[in-house]
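This is structure_30.cif (mmCIF, C-alpha atoms).
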```
data_run
loop_
_atom_site.label_atom_id
_atom_site.label_comp_id
_atom_site.auth_asym_id
_atom_site.auth_seq_id
_atom_site.Cartn_x
_atom_site.Cartn_y
_atom_site.Cartn_z
CA MET E 1 13.04 21.73 0.78
CA ILE E 2 10.01 19.46 0.40
CA ILE E 3 8.68 20.03 -3.12
CA ILE E 4 5.00 19.29 -3.83
CA GLY E 5 4.67 19.23 -7.62
CA GLU E 6 1.72 21.31 -8.82
CA LYS E 7 1.41 20.34 -12.51
CA ILE E 8 -1.43 17.77 -12.28
CA ASN E 9 -4.36 19.97 -11.32
CA GLY E 10 -7.72 20.18 -13.08
CA SER E 11 -7.69 23.97 -12.71
CA ILE E 12 -4.97 23.99 -15.42
CA PRO E 13 -6.77 24.06 -18.81
CA ALA E 14 -4.61 21.36 -20.42
CA VAL E 15 -5.13 19.05 -17.45
CA ALA E 16 -8.88 19.76 -17.38
CA GLU E 17 -9.07 18.77 -21.05
CA ALA E 18 -7.09 15.60 -20.37
CA ILE E 19 -9.45 14.69 -17.53
CA ALA E 20 -12.53 15.30 -19.68
CA ASN E 21 -11.10 13.16 -22.50
CA ARG E 22 -9.48 10.61 -20.18
CA ASP E 23 -6.16 11.34 -21.86
CA SER E 24 -3.90 9.28 -19.64
CA GLU E 25 -0.72 10.12 -21.56
CA LEU E 26 -0.78 13.80 -20.58
CA ILE E 27 -1.23 12.88 -16.89
CA LYS E 28 1.54 10.29 -17.10
CA GLU E 29 3.95 12.66 -18.82
CA ARG E 30 3.40 15.35 -16.21
CA ALA E 31 4.00 12.76 -13.50
CA ARG E 32 7.19 11.57 -15.19
CA ILE E 33 8.76 14.99 -15.60
CA GLN E 34 7.97 16.04 -12.03
CA ALA E 35 9.41 12.81 -10.66
CA ALA E 36 12.54 13.26 -12.78
CA ALA E 37 12.89 16.83 -11.49
CA GLY E 38 13.01 15.54 -7.91
CA ALA E 39 9.51 16.24 -6.59
CA THR E 40 8.98 14.92 -3.05
CA PHE E 41 5.24 14.55 -3.64
CA ILE E 42 3.13 14.82 -6.80
CA ASP E 43 -0.06 16.74 -6.19
CA CYS E 44 -3.19 15.25 -7.76
CA CYS E 45 -6.23 17.54 -7.90
CA ALA E 46 -9.28 16.84 -10.10
CA SER E 47 -11.16 20.16 -9.83
CA VAL E 48 -14.41 18.51 -10.93
CA PRO E 49 -17.85 18.50 -9.25
CA GLU E 50 -17.70 16.66 -5.92
CA ASP E 51 -19.96 13.83 -7.08
CA GLN E 52 -17.37 13.02 -9.77
CA GLU E 53 -14.26 13.57 -7.68
CA VAL E 54 -13.56 10.17 -6.16
CA GLU E 55 -13.87 8.32 -9.48
CA THR E 56 -11.79 10.98 -11.27
CA LEU E 57 -9.07 10.97 -8.62
CA LYS E 58 -8.88 7.17 -8.81
CA TRP E 59 -8.24 7.38 -12.56
CA MET E 60 -5.63 10.15 -12.10
CA ILE E 61 -3.86 8.36 -9.25
CA ASP E 62 -3.74 5.14 -11.26
CA CYS E 63 -2.17 7.05 -14.18
CA ILE E 64 0.48 8.59 -11.95
CA GLN E 65 1.32 5.29 -10.25
CA GLU E 66 1.82 3.59 -13.61
CA VAL E 67 4.91 5.70 -14.25
CA THR E 68 6.36 6.68 -10.86
CA ASP E 69 6.40 5.65 -7.23
CA VAL E 70 6.83 9.21 -5.94
CA PRO E 71 4.26 9.67 -3.13
CA ILE E 72 1.02 11.40 -4.09
CA SER E 73 -0.50 14.50 -2.51
CA VAL E 74 -4.23 13.74 -2.75
CA ASP E 75 -5.83 17.15 -3.24
CA SER E 76 -9.48 18.05 -2.68
CA PRO E 77 -11.42 20.71 -0.76
CA SER E 78 -13.69 17.90 0.50
CA ALA E 79 -12.50 15.88 3.48
CA LYS E 80 -15.02 13.16 2.60
CA VAL E 81 -13.47 12.85 -0.87
CA LEU E 82 -9.97 12.67 0.64
CA ALA E 83 -11.14 9.97 3.04
CA GLU E 84 -12.04 7.78 0.05
CA ALA E 85 -9.43 8.78 -2.54
CA TYR E 86 -6.34 8.18 -0.38
CA LYS E 87 -7.17 4.45 -0.43
CA PHE E 88 -6.16 4.30 -4.11
CA CYS E 89 -2.54 5.18 -3.29
CA ASN E 90 0.01 2.35 -3.25
CA LYS E 91 2.14 4.02 -0.60
CA PRO E 92 1.77 6.73 2.08
CA GLY E 93 1.48 10.27 0.78
CA LEU E 94 -0.02 13.60 1.75
CA PHE E 95 -3.60 14.68 2.49
CA ASN E 96 -4.16 18.10 0.89
CA SER E 97 -5.82 19.44 2.97
CA VAL E 98 -7.64 20.05 6.24
CA SER E 99 -8.35 23.30 8.09
CA GLY E 100 -10.25 24.57 11.11
CA GLU E 101 -13.35 24.69 8.93
CA GLY E 102 -16.30 22.44 9.80
CA ASP E 103 -15.50 18.81 10.59
CA LYS E 104 -12.57 18.38 8.20
CA ILE E 105 -10.04 17.62 10.92
CA ASP E 106 -12.37 15.17 12.66
CA ILE E 107 -12.72 13.26 9.39
CA ILE E 108 -9.04 13.14 8.40
CA PHE E 109 -7.13 13.04 11.71
CA PRO E 110 -8.75 9.74 12.83
CA ILE E 111 -7.56 8.22 9.52
CA LEU E 112 -4.03 9.51 10.17
CA ALA E 113 -4.22 8.06 13.69
CA GLN E 114 -4.75 4.52 12.40
CA PRO E 115 -1.57 2.42 12.80
CA GLU E 116 -1.56 1.43 9.12
CA ASN E 117 -1.54 5.13 8.15
CA LYS E 118 1.25 6.28 10.48
CA GLU E 119 3.45 7.42 7.56
CA TRP E 120 0.79 9.60 5.94
CA GLU E 121 1.21 13.37 6.26
CA VAL E 122 -1.27 16.25 6.01
CA ILE E 123 -1.42 19.91 4.99
CA ALA E 124 -3.36 22.05 7.47
CA LEU E 125 -4.60 25.47 6.40
CA LEU E 126 -4.84 28.29 8.94
CA SER E 127 -8.49 29.10 8.20
CA ASP E 128 -11.71 28.28 10.01
CA ASP E 129 -15.46 28.81 9.76
CA THR E 130 -14.94 32.58 9.74
CA GLY E 131 -12.76 32.33 6.61
CA ILE E 132 -9.11 33.36 6.31
CA PRO E 133 -8.12 35.39 9.38
CA LYS E 134 -6.82 38.88 8.63
CA SER E 135 -4.17 39.05 11.37
CA ALA E 136 -1.22 36.91 12.41
CA ALA E 137 -2.66 36.57 15.91
CA ASP E 138 -5.92 35.16 14.58
CA ARG E 139 -4.16 32.74 12.25
CA LEU E 140 -2.03 31.56 15.16
CA ARG E 141 -5.19 30.97 17.18
CA VAL E 142 -6.39 28.66 14.42
CA PHE E 143 -2.96 27.01 14.51
CA ASP E 144 -3.28 26.41 18.26
CA LYS E 145 -6.65 24.70 17.73
CA ILE E 146 -5.25 22.51 14.97
CA MET E 147 -2.34 21.43 17.14
CA ALA E 148 -4.68 20.69 20.05
CA LYS E 149 -6.57 18.36 17.72
CA ALA E 150 -3.28 16.83 16.58
CA LYS E 151 -2.39 16.10 20.18
CA GLU E 152 -5.85 14.63 20.79
CA TYR E 153 -5.38 12.21 17.89
CA ASN E 154 -1.66 11.66 18.59
CA ILE E 155 -0.53 13.11 15.25
CA ALA E 156 3.16 14.04 15.54
CA PRO E 157 4.08 17.58 14.39
CA LYS E 158 6.56 16.17 11.86
CA ARG E 159 3.58 14.73 9.92
CA ILE E 160 1.89 18.12 9.56
CA HIS E 161 2.55 20.80 6.93
CA ILE E 162 1.12 24.10 8.16
CA ASP E 163 -0.03 26.42 5.37
CA PRO E 164 -0.24 30.04 6.62
CA LEU E 165 -2.30 30.90 3.50
CA VAL E 166 -0.29 33.25 1.35
CA GLU E 167 -2.47 35.83 -0.38
CA MET E 168 -1.86 38.26 -3.23
CA LEU E 169 0.93 40.74 -2.57
CA CYS E 170 -0.86 43.43 -4.57
CA THR E 171 -3.70 43.54 -2.01
CA SER E 172 -1.41 43.53 1.03
CA GLU E 173 -0.68 46.62 3.09
CA ASP E 174 2.45 45.21 4.74
CA GLY E 175 4.03 42.90 2.16
CA ILE E 176 4.54 39.48 3.69
CA ALA E 177 5.17 40.69 7.23
CA MET E 178 2.15 38.79 8.54
CA ASN E 179 3.22 35.57 6.83
CA GLU E 180 6.74 35.96 8.19
CA GLU E 181 5.36 36.43 11.70
CA VAL E 182 3.15 33.35 11.43
CA ILE E 183 5.88 31.17 9.89
CA SER E 184 8.46 32.26 12.47
CA GLU E 185 6.14 31.63 15.42
CA VAL E 186 5.01 28.23 14.15
CA ARG E 187 8.67 27.26 13.65
CA ARG E 188 9.57 28.55 17.13
CA GLN E 189 6.85 26.50 18.80
CA TYR E 190 7.37 23.31 16.80
CA PRO E 191 10.88 22.95 15.37
CA ARG E 192 10.03 19.63 13.65
CA ILE E 193 6.77 20.71 12.01
CA HIS E 194 6.67 21.45 8.29
CA ILE E 195 5.54 24.80 6.93
CA THR E 196 4.33 24.98 3.35
CA ALA E 197 2.91 27.48 0.86
CA ALA E 198 1.45 27.66 -2.62
CA VAL E 199 4.23 29.92 -3.88
CA SER E 200 2.51 31.35 -6.96
CA ASN E 201 -0.37 32.79 -4.88
CA ILE E 202 1.83 35.69 -3.83
CA SER E 203 2.20 37.09 -7.35
CA PHE E 204 -1.34 36.98 -8.76
CA ASN E 205 -2.18 40.04 -10.88
CA LEU E 206 1.42 41.28 -10.98
CA PRO E 207 3.78 41.55 -13.97
CA VAL E 208 6.92 39.39 -14.18
CA ARG E 209 5.46 37.09 -11.54
CA LYS E 210 8.56 34.95 -11.23
CA LEU E 211 10.51 37.82 -9.63
CA VAL E 212 7.91 38.17 -6.88
CA ASN E 213 7.81 34.40 -6.40
CA TRP E 214 11.60 34.27 -6.07
CA GLY E 215 11.70 37.06 -3.51
CA PHE E 216 8.93 35.44 -1.49
CA VAL E 217 10.66 32.06 -1.38
CA VAL E 218 13.91 33.52 -0.06
CA LEU E 219 12.18 35.55 2.67
CA ALA E 220 9.82 32.72 3.63
CA MET E 221 12.66 30.20 3.85
CA LYS E 222 14.55 32.61 6.11
CA ALA E 223 11.46 32.70 8.35
CA GLY E 224 11.16 28.90 8.43
CA LEU E 225 9.39 27.65 5.29
CA ASP E 226 10.60 24.13 4.44
CA SER E 227 7.90 22.90 2.06
CA ALA E 228 6.37 24.42 -1.05
CA ILE E 229 3.76 23.73 -3.70
CA LEU E 230 5.37 24.71 -7.01
CA ASP E 231 6.54 23.55 -10.42
CA PRO E 232 9.53 21.23 -9.79
CA THR E 233 10.55 21.45 -13.43
CA ASN E 234 11.31 25.17 -13.04
CA ARG E 235 15.10 24.98 -12.79
CA ASP E 236 15.41 28.68 -11.95
CA MET E 237 13.18 28.29 -8.89
CA LEU E 238 14.91 25.09 -7.82
CA GLY E 239 18.29 26.74 -8.18
CA LEU E 240 17.13 29.60 -5.98
CA ILE E 241 15.93 27.13 -3.34
CA TYR E 242 19.20 25.19 -3.31
CA ALA E 243 21.18 28.45 -3.14
CA THR E 244 19.05 29.77 -0.28
CA GLU E 245 19.47 26.55 1.69
CA ALA E 246 23.24 26.86 1.28
CA LEU E 247 23.21 30.52 2.34
CA LEU E 248 21.12 29.66 5.42
CA GLY E 249 23.65 27.05 6.52
CA MET E 250 21.33 24.14 5.73
CA ASP E 251 23.65 22.55 3.14
CA ASP E 252 27.04 21.49 4.51
CA TYR E 253 29.83 22.62 2.19
CA CYS E 254 27.16 23.31 -0.51
CA MET E 255 27.14 19.62 -1.40
CA GLU E 256 23.40 19.52 -2.21
CA TYR E 257 23.74 22.63 -4.39
CA ILE E 258 26.72 21.18 -6.25
CA GLY E 259 25.01 17.81 -6.64
CA ALA E 260 21.86 19.39 -8.09
CA TYR E 261 23.99 21.28 -10.61
CA ARG E 262 25.93 18.18 -11.65
CA GLU E 263 22.69 16.23 -12.10
CA GLY E 264 21.24 18.98 -14.29
CA ARG E 265 18.37 19.83 -11.94
CA ILE E 266 19.56 23.43 -11.74
CA GLY E 267 21.53 25.49 -14.20
CA PRO E 268 22.12 28.97 -15.62
CA LEU E 269 19.15 31.32 -15.32
CA LYS E 270 16.95 31.62 -18.37
CA LYS E 271 17.43 34.79 -20.43
#
```
With the file now loaded, output its structure as structure tokens.
Amino acid sequence: MIIIGEKINGSIPAVAEAIANRDSELIKERARIQAAAGATFIDCCASVPEDQEVETLKWMIDCIQEVTDVPISVDSPSAKVLAEAYKFCNKPGLFNSVSGEGDKIDIIFPILAQPENKEWEVIALLSDDTGIPKSAADRLRVFDKIMAKAKEYNIAPKRIHIDPLVEMLCTSEDGIAMNEEVISEVRRQYPRIHITAAVSNISFNLPVRKLVNWGFVVLAMKAGLDSAILDPTNRDMLGLIYATEALLGMDDYCMEYIGAYREGRIGPLKK
């Protein structure tokens, strides 16, 4: 599983305070612990007004890169901000994100197409100018348009993380059936593409959220999810992921599961 660490985000009150006070130690510590937990990427989101975003992201990225060389997921709703902020990264990472909305793809995909950026990857949301589609068929139509653009710019599927846009379970009439349909069809069409999700979105406004998050991860991985935005320091969640990979036949002789246990990255469930 590709783990995109979510703990450096200005929407988190402690991180927002650190950004306001330019408290580099809090940013560095959160980078350290996510790297030590095995994050594949460390997400970096400022959540400040757009006219402050590039400068703020530069400061945050510099803090992260002082303590780890784990690739950075540069996170902003503005494609223009992403097009500037990614330049501060010392190594290829992840653009988070584009969608079918406006000209976002036509700003970011040409950057990905440049030979010097061939190792950069991108999250693509299945939304467009109409918002978040309500049906699987409509989300898959957005997906088709995104992949047509990827072909136009010669962006290989393996560099793309499709986000089907998981919404709150408590407002859903059919559980995650639509997400399962979208994930399964995307995986069927493009076996080498990545499929990601912000795991905690599923459990908003529900009690004991971790139980809902756990159930979602198992079902989504069965459908084809192979990337997730979550807290990599949550050993319970990581243990569940390693166990699910083993159960799905993705971990020969459970060696990854056993290795994660021996290294202390997973352990007994919290009481």
Translate the PyMOL selection byres ((chain E and resi 206-218) around 9), as applied to the file shown, into an explicit residue set as a PyMOL selection string. chain E and resi 168-170+176+199-205+219-223+225+228+236-237+240-241+244
Produce a file of the selected residues containing C-alpha atoms, as a JSON list (two decimals), keeping the file's coordinate frame.
```
[["chain", "number", "residue", "atom", "x", "y", "z"],
["E", 168, "MET", "CA", -1.86, 38.26, -3.23],
["E", 169, "LEU", "CA", 0.93, 40.74, -2.57],
["E", 170, "CYS", "CA", -0.86, 43.43, -4.57],
["E", 176, "ILE", "CA", 4.54, 39.48, 3.69],
["E", 199, "VAL", "CA", 4.23, 29.92, -3.88],
["E", 200, "SER", "CA", 2.51, 31.35, -6.96],
["E", 201, "ASN", "CA", -0.37, 32.79, -4.88],
["E", 202, "ILE", "CA", 1.83, 35.69, -3.83],
["E", 203, "SER", "CA", 2.20, 37.09, -7.35],
["E", 204, "PHE", "CA", -1.34, 36.98, -8.76],
["E", 205, "ASN", "CA", -2.18, 40.04, -10.88],
["E", 219, "LEU", "CA", 12.18, 35.55, 2.67],
["E", 220, "ALA", "CA", 9.82, 32.72, 3.63],
["E", 221, "MET", "CA", 12.66, 30.20, 3.85],
["E", 222, "LYS", "CA", 14.55, 32.61, 6.11],
["E", 223, "ALA", "CA", 11.46, 32.70, 8.35],
["E", 225, "LEU", "CA", 9.39, 27.65, 5.29],
["E", 228, "ALA", "CA", 6.37, 24.42, -1.05],
["E", 236, "ASP", "CA", 15.41, 28.68, -11.95],
["E", 237, "MET", "CA", 13.18, 28.29, -8.89],
["E", 240, "LEU", "CA", 17.13, 29.60, -5.98],
["E", 241, "ILE", "CA", 15.93, 27.13, -3.34],
["E", 244, "THR", "CA", 19.05, 29.77, -0.28]]
```
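CA of Val182 in chain E to CA of Lys158 in chain E spans 17.5 Å [interatomic distance, one decimal].
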Using only C-alpha atoms, which of E:Ala46, E:Gly38, E:Val142, E:Ile162 sits nearest Arg22 in chain E?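 Among the listed residues, E:Ala46 lies closest to Arg22 in chain E.
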Excluding Ser24 in chain E and any residue of its chain fewer than 3 positions from it, enumerate the residues within 12 Å of it, using all atoms listed in the file, and give them as number ranges by chain. E: 8, 15-21, 27-31, 56, 59-67
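Proximity ranking of E:Pro71, E:Pro164, E:Pro115, E:Gly100 relative to Lys145 in chain E places E:Gly100 first, based on only C-alpha atoms.
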When the PyMOL selection byres ((chain E and resi 187-189) around 12) is applied to the file above, which residues end up in the set, as JSON, numbers by chain? {"E": [140, 143, 144, 147, 157, 158, 161, 162, 164, 180, 181, 182, 183, 184, 185, 186, 190, 191, 192, 193, 194, 195, 196, 220, 221, 222, 223, 224, 225, 226]}
Which of E:Glu173, E:Cys45, E:Asp128, E:Asn117 sits closest to Asn96 in chain E [using all atoms listed in the file]: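 Closest to Asn96 in chain E of all the choices is E:Cys45.
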Residues picked by the PyMOL selection byres ((chain E and resi 1) around 7) here, as a list in words?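 After applying the PyMOL selection byres ((chain E and resi 1) around 7), what remains is Ile2, Ile3, Asp226 and Ser227 of chain E.
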Nearest to Ser73 in chain E, chosen from E:Asp23, E:Glu50, E:Glu6, E:Asp138, with only C-alpha atoms counted in the distances: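 For Ser73 in chain E, the nearest of the candidates is E:Glu6.
Minimum atom-to-atom distances from E:Lys58, E:Arg32, E:Lys104, E:Lys91 to Pro77 in chain E were compared using all atoms listed in the file, and the lowest value belongs to E:Lys104.
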Test item: residues at most 10 Å from Asn154 in chain E, all atoms listed in the file, excluding those fewer than 3 positions along its chain, as a list in words: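 Result of the neighbour search: Phe109, Pro110, Leu112, Ala113, Gln114, Met147, Ala148, Lys149, Ala150, Lys151 and Pro157 of chain E.
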Hey, which of E:Ile155, E:Ile108, E:Met250, E:Val166 ends up closest to Leu125 in chain E? Count only C-alpha atoms. E:Val166
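As for CA of Ala35 in chain E and CA of Leu126 in chain E, they are spaced 28.8 Å apart.
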